[in-house]
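All remarks here apply to the structure that follows.
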Amino acid sequence: MNVGRGRASAFRLFHKLYTMSRIITLDEFITHRQKDFPYASGELTGLLHDIGLAVKIVNREVNKAGLVNILGKAGSDNASGDEVQKLDLYANEKLLESLRNSGECCGVASEEMEDIFPIQSVKGKQSQYVVVCDPLDGSSNIDVNVSLGTIFGIYRRKSHPGENCRQEDFLQKGSKLVAAGYVLYGTSTLLVYTTGKGVNGFTLDPSIGEFCLSHPDIRIPEYGKQYSINQGYYRRFDERVKRFIDHYSEAHMSLRYIGSMVADVHRILLKGGIFLYPGTEDRPEGKLRLLYECNPLSYLVEQAGGKAVHGGSLERITDIEPVQLHQRVSIAIGSKGMVEEFERFVQQKTASV
Ligand code: AHM
Ligand code: MG
């Protein structure tokens, strides 16, 4: 099955049911797509169902966060040294719970946990997959009611099924992902995912509690009118990045920065644009994590026709060999034309600086 046929099949299903004025739920869609994988045993399908369920529970808590005493800092630092808020821990727990009970996943690595979390096999099942995730991205926005997200990626394990999973199962390049996606808890709740055959988006209909296909076969525009970067760090950026920013600013491009990567990348996926989180003098690889944030989103953006590269070396993000679970990476991601413009700019300046 190639990408074109996968996308065509998604579109056919959408079209058939759409013309019958019938909604397509995430579960129906995932089950329908299982036949795109000739040797699929249903495990990956089951895993995607489980993630879909877990994020509905997280969504419920995100929505009522202002009403219950779940807000506020948990008073601890996560493994990456960042401040943890209670909702992050809750989201992490719910994802773990759902994956642990399903039997389709043999281990999880999460931004909220220092080490990997192996899962014992359930009912004798020898699960083939591991999950990497950022359970609640953009947590500094929790208590001000601004969009948050969940990011996930699924790898086929390298270690032998039946044994405990190992770190090497998670330290795989982004190009080895078999599925990746995100959930955006915004004005509506959206789940966007890919299994390497196009990108599809589903909006949660709260009246029936189901994610319904709303954005079939998403393609990122080749070019957009906005760029996204924390320009407050301008003075600490590399000269080449500074000049790229100056170039867009002089061209009267608009700056949009939410501070939730999922929300910024989602906007870019639909409208075009570029998101940058480059390194600074004190943090040469920036802030974002390769495994939990950059790889899944880069894989997905590439599937939609976009591009993602390292902000300094310009290596394709999904080609970077991870060496640590909580590794950070400088990133430029978005519309192909704009990322290539960034690349030309960096190369040019590298040559002349
Ligand atoms: P988090 O996973 O701890 O929430 O941090 C990641 C977030 C991204 O969503 C966002 O793009 C970035 O941190 C914002 O960081 P900054 O405030 O330095 O611009
Ligand atoms: Mg994050």
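Convention: chains lettered A, B, ... in structure tokens order; per-chain residue numbering from 1; ligands numbered from 1 as shown.
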- Query: Hey, what's within 7 Å of A:Gly286 if we count only C-alpha atoms and toss same-chain stuff fewer than 6 positions away? As a ChimeraX atom specification, please?
  - Reply: /A:277-280,328-330
- Query: So which residues are near ligand 2, meaning at most 8 Å away with only C-alpha atoms and all ligand atoms counted, given back as a list in words?
  - Reply: Glu111, Asp134, Pro135, Leu136, Asp137, Gly138, Ser139, Ile151, Ser260, Met261, Leu288, Arg289, Tyr292 and Glu293 of chain A
Prev. selection, N, CA, C and O atoms, output as a PDB file, in the first residue's frame:
```pdb
ATOM      1  N   GLU A 111       7.250  12.561  28.625  1.00  0.00           N
ATOM      2  CA  GLU A 111       7.959  13.749  29.091  1.00  0.00           C
ATOM      3  C   GLU A 111       7.855  13.875  30.607  1.00  0.00           C
ATOM      4  O   GLU A 111       8.718  14.466  31.249  1.00  0.00           O
ATOM      5  N   ASP A 134       3.994  13.325  25.003  1.00  0.00           N
ATOM      6  CA  ASP A 134       3.968  14.488  25.883  1.00  0.00           C
ATOM      7  C   ASP A 134       2.503  14.614  26.287  1.00  0.00           C
ATOM      8  O   ASP A 134       1.672  15.073  25.505  1.00  0.00           O
ATOM      9  N   PRO A 135       2.153  14.153  27.493  1.00  0.00           N
ATOM     10  CA  PRO A 135       0.738  14.059  27.869  1.00  0.00           C
ATOM     11  C   PRO A 135       0.005  15.392  27.846  1.00  0.00           C
ATOM     12  O   PRO A 135      -1.155  15.463  27.480  1.00  0.00           O
ATOM     13  N   LEU A 136       0.687  16.475  28.265  1.00  0.00           N
ATOM     14  CA  LEU A 136       0.026  17.781  28.231  1.00  0.00           C
ATOM     15  C   LEU A 136       1.047  18.844  27.850  1.00  0.00           C
ATOM     16  O   LEU A 136       1.834  19.306  28.680  1.00  0.00           O
ATOM     17  N   ASP A 137       1.031  19.176  26.586  1.00  0.00           N
ATOM     18  CA  ASP A 137       1.993  20.146  26.060  1.00  0.00           C
ATOM     19  C   ASP A 137       1.446  21.569  26.206  1.00  0.00           C
ATOM     20  O   ASP A 137       0.257  21.795  26.020  1.00  0.00           O
ATOM     21  N   GLY A 138       2.342  22.490  26.546  1.00  0.00           N
ATOM     22  CA  GLY A 138       1.922  23.887  26.697  1.00  0.00           C
ATOM     23  C   GLY A 138       1.390  24.149  28.088  1.00  0.00           C
ATOM     24  O   GLY A 138       0.493  24.975  28.283  1.00  0.00           O
ATOM     25  N   SER A 139       1.961  23.453  29.078  1.00  0.00           N
ATOM     26  CA  SER A 139       1.363  23.488  30.418  1.00  0.00           C
ATOM     27  C   SER A 139       1.421  24.861  31.080  1.00  0.00           C
ATOM     28  O   SER A 139       0.664  25.116  32.017  1.00  0.00           O
ATOM     29  N   ILE A 151       0.674  15.069  22.683  1.00  0.00           N
ATOM     30  CA  ILE A 151       1.396  14.593  21.485  1.00  0.00           C
ATOM     31  C   ILE A 151       1.743  13.127  21.697  1.00  0.00           C
ATOM     32  O   ILE A 151       2.154  12.749  22.798  1.00  0.00           O
ATOM     33  N   SER A 260       2.072  27.118  23.001  1.00  0.00           N
ATOM     34  CA  SER A 260       1.704  25.694  23.013  1.00  0.00           C
ATOM     35  C   SER A 260       2.079  25.202  21.624  1.00  0.00           C
ATOM     36  O   SER A 260       1.437  25.586  20.638  1.00  0.00           O
ATOM     37  N   MET A 261       3.103  24.360  21.557  1.00  0.00           N
ATOM     38  CA  MET A 261       3.590  23.953  20.238  1.00  0.00           C
ATOM     39  C   MET A 261       2.490  23.302  19.396  1.00  0.00           C
ATOM     40  O   MET A 261       2.389  23.529  18.195  1.00  0.00           O
ATOM     41  N   LEU A 288      12.653  22.146  23.272  1.00  0.00           N
ATOM     42  CA  LEU A 288      11.709  21.082  22.922  1.00  0.00           C
ATOM     43  C   LEU A 288      12.387  19.725  22.813  1.00  0.00           C
ATOM     44  O   LEU A 288      13.561  19.619  22.434  1.00  0.00           O
ATOM     45  N   ARG A 289      11.634  18.691  23.158  1.00  0.00           N
ATOM     46  CA  ARG A 289      12.199  17.334  23.212  1.00  0.00           C
ATOM     47  C   ARG A 289      12.042  16.618  21.884  1.00  0.00           C
ATOM     48  O   ARG A 289      10.968  16.650  21.278  1.00  0.00           O
ATOM     49  N   TYR A 292       9.439  13.306  22.361  1.00  0.00           N
ATOM     50  CA  TYR A 292       8.030  13.473  22.743  1.00  0.00           C
ATOM     51  C   TYR A 292       7.306  14.551  21.945  1.00  0.00           C
ATOM     52  O   TYR A 292       6.091  14.528  21.846  1.00  0.00           O
ATOM     53  N   GLU A 293       8.056  15.538  21.437  1.00  0.00           N
ATOM     54  CA  GLU A 293       7.395  16.650  20.760  1.00  0.00           C
ATOM     55  C   GLU A 293       7.799  16.739  19.288  1.00  0.00           C
ATOM     56  O   GLU A 293       6.962  16.706  18.386  1.00  0.00           O
TER      57      GLU A 293
END
```
Mind checking which residues fall within 12 Å of A:Ile208, counting only C-alpha atoms, ignoring those fewer than 4 positions away in the same chain, and posting them as a PDB file with C-alpha atoms, in the first residue's frame?
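Below is the file that was written, selection-v1.pdb:
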```
ATOM      1  CA  ILE A  23     -20.652  11.273  10.153  1.00  0.00           C
ATOM      2  CA  THR A  25     -16.289   8.451  13.859  1.00  0.00           C
ATOM      3  CA  LYS A  56     -11.301  11.966  25.830  1.00  0.00           C
ATOM      4  CA  THR A 203     -13.313  17.004  15.965  1.00  0.00           C
ATOM      5  CA  LEU A 204     -14.833  15.879  19.248  1.00  0.00           C
ATOM      6  CA  CYS A 212     -15.816  12.772  14.034  1.00  0.00           C
TER       7      CYS A 212
END
```
- Query: A:Asp205: which residues within 9 Å, counting only C-alpha atoms, same-chain residues fewer than 4 positions away excluded, as a ChimeraX atom specification?
  - Reply: /A:188-189,209-212
- Task: Would you mind telling me which residue in A:Ala263, A:Cys165, A:Leu291, A:Leu270 lies nearest to ligand 1 when using only C-alpha atoms and all ligand atoms?
- Result: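 Checking each candidate against ligand 1, we get A:Ala263 as the closest.
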- Which residues come within 12 Å of A:Ile258, counting only C-alpha atoms, excluding same-chain residues fewer than 5 positions away, as a list in words?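 Non-adjacent residues within range: Asp137, Gly138, Ser139, Ser140, Asn141, Val144, Asn145, Val146, Ser147, Leu148, Gly149, Gly186, Tyr227, Ser228, Ile229, Asn230, Gln231, Ala263, Asp264, Val265, His266, Arg267, Ile268 and Phe275 of chain A.
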- Return the single residue from A:Ile220, A:Cys105, A:Val301, A:Ile333 that is closest to ligand 1, with distances computed using only C-alpha atoms and all ligand atoms.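 Residue with the minimum atom-to-atom distance to ligand 1: A:Ile333.
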- Run DSSP on the backbone of this structure and report the residues of stretch 223-332 of chain A it assigns to helix (DSSP H, G or I), as a ChimeraX atom specification. /A:231-236,239-250,261-271,290-303,317-319
Saved selection, atoms kept: C-alpha atoms, as a compact mmCIF listing (two decimals), in the first residue's frame:
```txt
# COMPACT_ATOMS: atom_id res chain seq x y z
CA GLN A 231 10.93 36.56 19.71
CA GLY A 232 11.51 37.60 23.32
CA TYR A 233 14.71 35.53 23.15
CA TYR A 234 15.92 37.46 20.07
CA ARG A 235 19.10 38.76 21.69
CA ARG A 236 20.16 35.25 22.66
CA GLU A 239 23.18 35.71 14.19
CA ARG A 240 21.75 33.59 11.35
CA VAL A 241 18.44 33.12 13.15
CA LYS A 242 18.33 36.82 14.02
CA ARG A 243 18.74 37.73 10.36
CA PHE A 244 16.05 35.29 9.30
CA ILE A 245 13.67 36.95 11.79
CA ASP A 246 14.71 40.41 10.54
CA HIS A 247 14.04 39.26 6.99
CA TYR A 248 10.45 38.23 7.82
CA SER A 249 9.88 41.26 9.94
CA GLU A 250 11.07 43.55 7.13
CA MET A 261 3.59 23.95 20.24
CA VAL A 262 0.58 21.81 19.33
CA ALA A 263 -1.59 24.89 18.82
CA ASP A 264 1.09 26.72 16.82
CA VAL A 265 1.82 23.69 14.62
CA HIS A 266 -1.89 23.00 14.12
CA ARG A 267 -2.47 26.53 12.83
CA ILE A 268 0.48 26.15 10.48
CA LEU A 269 -0.78 22.76 9.26
CA LEU A 270 -4.04 24.35 8.16
CA LYS A 271 -2.92 27.82 7.08
CA LEU A 290 13.11 15.22 20.23
CA LEU A 291 11.23 12.09 21.30
CA TYR A 292 8.03 13.47 22.74
CA GLU A 293 7.39 16.65 20.76
CA CYS A 294 9.58 17.17 17.70
CA ASN A 295 9.64 13.68 16.19
CA PRO A 296 5.89 12.96 16.25
CA LEU A 297 5.01 16.45 14.97
CA SER A 298 7.74 16.38 12.30
CA TYR A 299 6.63 12.98 11.05
CA LEU A 300 3.05 14.22 10.84
CA VAL A 301 3.96 17.52 9.16
CA GLU A 302 6.05 15.63 6.58
CA GLN A 303 3.09 13.34 5.91
CA ILE A 317 14.54 16.03 12.33
CA THR A 318 13.19 12.52 11.67
CA ASP A 319 16.69 11.38 10.61
```
- Task: Could you give me, as a list in words, the residues within 12 Å of A:Glu315, counting only C-alpha atoms and dropping anything in the same chain fewer than 2 positions from it?
- Result: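 Skipping anything fewer than 2 positions along the chain leaves Lys307, Ala308, Val309, His310, Gly311, Gly312, Ser313, Ile317, Thr318, Asp319, Ile320, Glu321, Val329, Ser330, Ile331, Ala332, Ile333, Val339, Glu340 and Glu343 of chain A.
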Those selected residues, please, written with N, CA and C atoms and delivered as a PDB file, in the first residue's frame.
```pdb
ATOM      1  N   LYS A 307       7.757  20.163   6.087  1.00  0.00           N
ATOM      2  CA  LYS A 307       9.159  19.838   6.304  1.00  0.00           C
ATOM      3  C   LYS A 307       9.584  20.213   7.723  1.00  0.00           C
ATOM      4  N   ALA A 308      10.569  19.505   8.278  1.00  0.00           N
ATOM      5  CA  ALA A 308      11.085  19.851   9.615  1.00  0.00           C
ATOM      6  C   ALA A 308      12.577  19.551   9.660  1.00  0.00           C
ATOM      7  N   VAL A 309      13.364  20.558  10.040  1.00  0.00           N
ATOM      8  CA  VAL A 309      14.824  20.377  10.073  1.00  0.00           C
ATOM      9  C   VAL A 309      15.400  20.902  11.389  1.00  0.00           C
ATOM     10  N   HIS A 310      16.606  20.457  11.699  1.00  0.00           N
ATOM     11  CA  HIS A 310      17.339  20.968  12.850  1.00  0.00           C
ATOM     12  C   HIS A 310      17.662  22.446  12.594  1.00  0.00           C
ATOM     13  N   GLY A 311      17.479  23.274  13.619  1.00  0.00           N
ATOM     14  CA  GLY A 311      17.659  24.712  13.446  1.00  0.00           C
ATOM     15  C   GLY A 311      19.094  25.158  13.205  1.00  0.00           C
ATOM     16  N   GLY A 312      20.081  24.285  13.398  1.00  0.00           N
ATOM     17  CA  GLY A 312      21.476  24.659  13.163  1.00  0.00           C
ATOM     18  C   GLY A 312      22.098  23.842  12.045  1.00  0.00           C
ATOM     19  N   SER A 313      22.083  22.523  12.194  1.00  0.00           N
ATOM     20  CA  SER A 313      22.750  21.667  11.197  1.00  0.00           C
ATOM     21  C   SER A 313      21.884  21.450   9.963  1.00  0.00           C
ATOM     22  N   ILE A 317      14.769  16.421  10.921  1.00  0.00           N
ATOM     23  CA  ILE A 317      14.536  16.027  12.328  1.00  0.00           C
ATOM     24  C   ILE A 317      14.345  14.520  12.442  1.00  0.00           C
ATOM     25  N   THR A 318      13.520  13.948  11.545  1.00  0.00           N
ATOM     26  CA  THR A 318      13.191  12.524  11.672  1.00  0.00           C
ATOM     27  C   THR A 318      14.361  11.605  11.296  1.00  0.00           C
ATOM     28  N   ASP A 319      15.495  12.200  10.896  1.00  0.00           N
ATOM     29  CA  ASP A 319      16.694  11.382  10.612  1.00  0.00           C
ATOM     30  C   ASP A 319      17.676  11.399  11.781  1.00  0.00           C
ATOM     31  N   ILE A 320      17.393  12.198  12.804  1.00  0.00           N
ATOM     32  CA  ILE A 320      18.323  12.306  13.937  1.00  0.00           C
ATOM     33  C   ILE A 320      18.228  11.052  14.802  1.00  0.00           C
ATOM     34  N   GLU A 321      19.388  10.468  15.082  1.00  0.00           N
ATOM     35  CA  GLU A 321      19.450   9.252  15.907  1.00  0.00           C
ATOM     36  C   GLU A 321      19.399   9.686  17.372  1.00  0.00           C
ATOM     37  N   VAL A 329      16.040  19.370  21.073  1.00  0.00           N
ATOM     38  CA  VAL A 329      16.523  19.616  19.715  1.00  0.00           C
ATOM     39  C   VAL A 329      15.997  20.956  19.194  1.00  0.00           C
ATOM     40  N   SER A 330      16.888  21.679  18.537  1.00  0.00           N
ATOM     41  CA  SER A 330      16.517  22.943  17.911  1.00  0.00           C
ATOM     42  C   SER A 330      15.729  22.621  16.634  1.00  0.00           C
ATOM     43  N   ILE A 331      14.636  23.323  16.399  1.00  0.00           N
ATOM     44  CA  ILE A 331      13.761  22.897  15.277  1.00  0.00           C
ATOM     45  C   ILE A 331      13.211  24.067  14.458  1.00  0.00           C
ATOM     46  N   ALA A 332      13.075  23.810  13.150  1.00  0.00           N
ATOM     47  CA  ALA A 332      12.316  24.684  12.235  1.00  0.00           C
ATOM     48  C   ALA A 332      11.348  23.762  11.511  1.00  0.00           C
ATOM     49  N   ILE A 333      10.051  24.040  11.602  1.00  0.00           N
ATOM     50  CA  ILE A 333       9.036  23.103  11.080  1.00  0.00           C
ATOM     51  C   ILE A 333       7.893  23.877  10.442  1.00  0.00           C
ATOM     52  N   VAL A 339      10.384  26.508   5.183  1.00  0.00           N
ATOM     53  CA  VAL A 339      11.516  25.820   5.834  1.00  0.00           C
ATOM     54  C   VAL A 339      12.711  25.841   4.881  1.00  0.00           C
ATOM     55  N   GLU A 340      12.448  25.687   3.585  1.00  0.00           N
ATOM     56  CA  GLU A 340      13.552  25.739   2.619  1.00  0.00           C
ATOM     57  C   GLU A 340      14.144  27.145   2.546  1.00  0.00           C
ATOM     58  N   GLU A 343      16.409  27.306   5.402  1.00  0.00           N
ATOM     59  CA  GLU A 343      17.635  26.547   5.116  1.00  0.00           C
ATOM     60  C   GLU A 343      18.595  27.385   4.255  1.00  0.00           C
TER      61      GLU A 343
END
```
- Message: Give me the residues near A:Gly52 as a ChimeraX atom specification, where near means some atom within 10 Å (using only C-alpha atoms) and where sequence neighbours in that chain fewer than 2 positions away do not count.
- Response: /A:26-27,46-50,54-57,95,98,183,191,210-211
Limited to N, CA, C and O atoms, could you put the picked residues into a file as a CSV table (one decimal), in the first residue's frame?
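Once everything was written out, this is part_0.csv:
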```
chain,number,residue,atom,x,y,z
A,26,LEU,N,-14.0,8.4,14.7
A,26,LEU,CA,-12.6,8.0,14.7
A,26,LEU,C,-12.5,6.5,14.7
A,26,LEU,O,-11.7,5.9,14.0
A,27,ASP,N,-13.3,5.8,15.6
A,27,ASP,CA,-13.2,4.4,15.7
A,27,ASP,C,-13.5,3.7,14.3
A,27,ASP,O,-12.8,2.8,13.9
A,46,GLY,N,-6.0,-1.3,17.7
A,46,GLY,CA,-6.4,-1.3,19.1
A,46,GLY,C,-5.8,-0.2,19.9
A,46,GLY,O,-6.4,0.5,20.7
A,47,LEU,N,-4.5,0.0,19.6
A,47,LEU,CA,-3.7,1.0,20.3
A,47,LEU,C,-4.2,2.4,20.0
A,47,LEU,O,-4.3,3.3,20.9
A,48,LEU,N,-4.5,2.7,18.8
A,48,LEU,CA,-5.1,4.0,18.4
A,48,LEU,C,-6.4,4.2,19.1
A,48,LEU,O,-6.7,5.3,19.5
A,49,HIS,N,-7.2,3.2,19.1
A,49,HIS,CA,-8.5,3.3,19.8
A,49,HIS,C,-8.3,3.7,21.3
A,49,HIS,O,-9.0,4.5,21.8
A,50,ASP,N,-7.3,3.0,21.9
A,50,ASP,CA,-7.0,3.2,23.4
A,50,ASP,C,-6.6,4.7,23.6
A,50,ASP,O,-7.0,5.3,24.5
A,54,ALA,N,-8.3,7.5,25.9
A,54,ALA,CA,-7.6,8.2,27.0
A,54,ALA,C,-7.7,9.7,26.9
A,54,ALA,O,-7.9,10.4,27.8
A,55,VAL,N,-7.5,10.2,25.6
A,55,VAL,CA,-7.5,11.7,25.5
A,55,VAL,C,-8.9,12.3,25.7
A,55,VAL,O,-9.0,13.5,26.0
A,56,LYS,N,-10.0,11.5,25.5
A,56,LYS,CA,-11.3,12.0,25.8
A,56,LYS,C,-11.4,12.2,27.3
A,56,LYS,O,-12.0,13.2,27.8
A,57,ILE,N,-10.8,11.3,28.1
A,57,ILE,CA,-10.8,11.5,29.6
A,57,ILE,C,-10.0,12.8,30.0
A,57,ILE,O,-10.4,13.6,30.8
A,95,LEU,N,-3.2,8.3,30.4
A,95,LEU,CA,-2.6,7.7,29.2
A,95,LEU,C,-2.0,6.3,29.7
A,95,LEU,O,-2.2,5.3,29.0
A,98,SER,N,-4.7,3.7,30.4
A,98,SER,CA,-5.4,3.2,29.3
A,98,SER,C,-4.5,2.2,28.5
A,98,SER,O,-4.9,1.2,28.0
A,183,VAL,N,-3.5,15.9,20.0
A,183,VAL,CA,-4.8,16.3,20.3
A,183,VAL,C,-4.7,17.8,20.7
A,183,VAL,O,-3.8,18.2,21.5
A,191,LEU,N,-8.5,15.8,17.2
A,191,LEU,CA,-7.4,14.8,17.2
A,191,LEU,C,-6.9,14.6,15.8
A,191,LEU,O,-7.8,14.4,14.9
A,210,GLU,N,-17.9,11.6,20.7
A,210,GLU,CA,-17.1,10.9,19.7
A,210,GLU,C,-16.3,11.9,18.9
A,210,GLU,O,-16.8,13.0,18.6
A,211,PHE,N,-15.1,11.5,18.5
A,211,PHE,CA,-14.3,12.2,17.5
A,211,PHE,C,-14.9,11.9,16.1
A,211,PHE,O,-15.0,10.8,15.8
```
- Query: atom CA of A:Gly201 to atom CA of A:Thr45: how many Å, to one decimal?
  - Reply: 16.3 Å
- Query: What is the distance, in Å and to one decimal place, between atom CA of A:Ile274 and atom CA of A:Leu314?
  - Reply: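 Between these atoms lies a distance of 14.4 Å.
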- Message: Please return, as a PyMOL selection string, all residues of stretch 119-202 of chain A that DSSP assigns to strand (DSSP E) on the basis of the backbone.
- Response: chain A and resi 129-137+148-156+179-185+189-194+199-202
- So which one's closest to ligand 1, A:Gly259, A:Gly181, A:Pro284, A:Gly334? Using only C-alpha atoms and all ligand atoms, please.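 With only C-alpha atoms and all ligand atoms as the atom set, the closest residue is A:Gly259.
Straight-line separation from atom CA of A:Glu281 to atom CA of A:Lys225: 28.7 Å.
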- Which of these, A:Gln324, A:Thr195, A:Asn200, A:Ser110, has the shortest distance to ligand 1 once you count only C-alpha atoms and all ligand atoms?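 Closest to ligand 1 of all the choices is A:Ser110.
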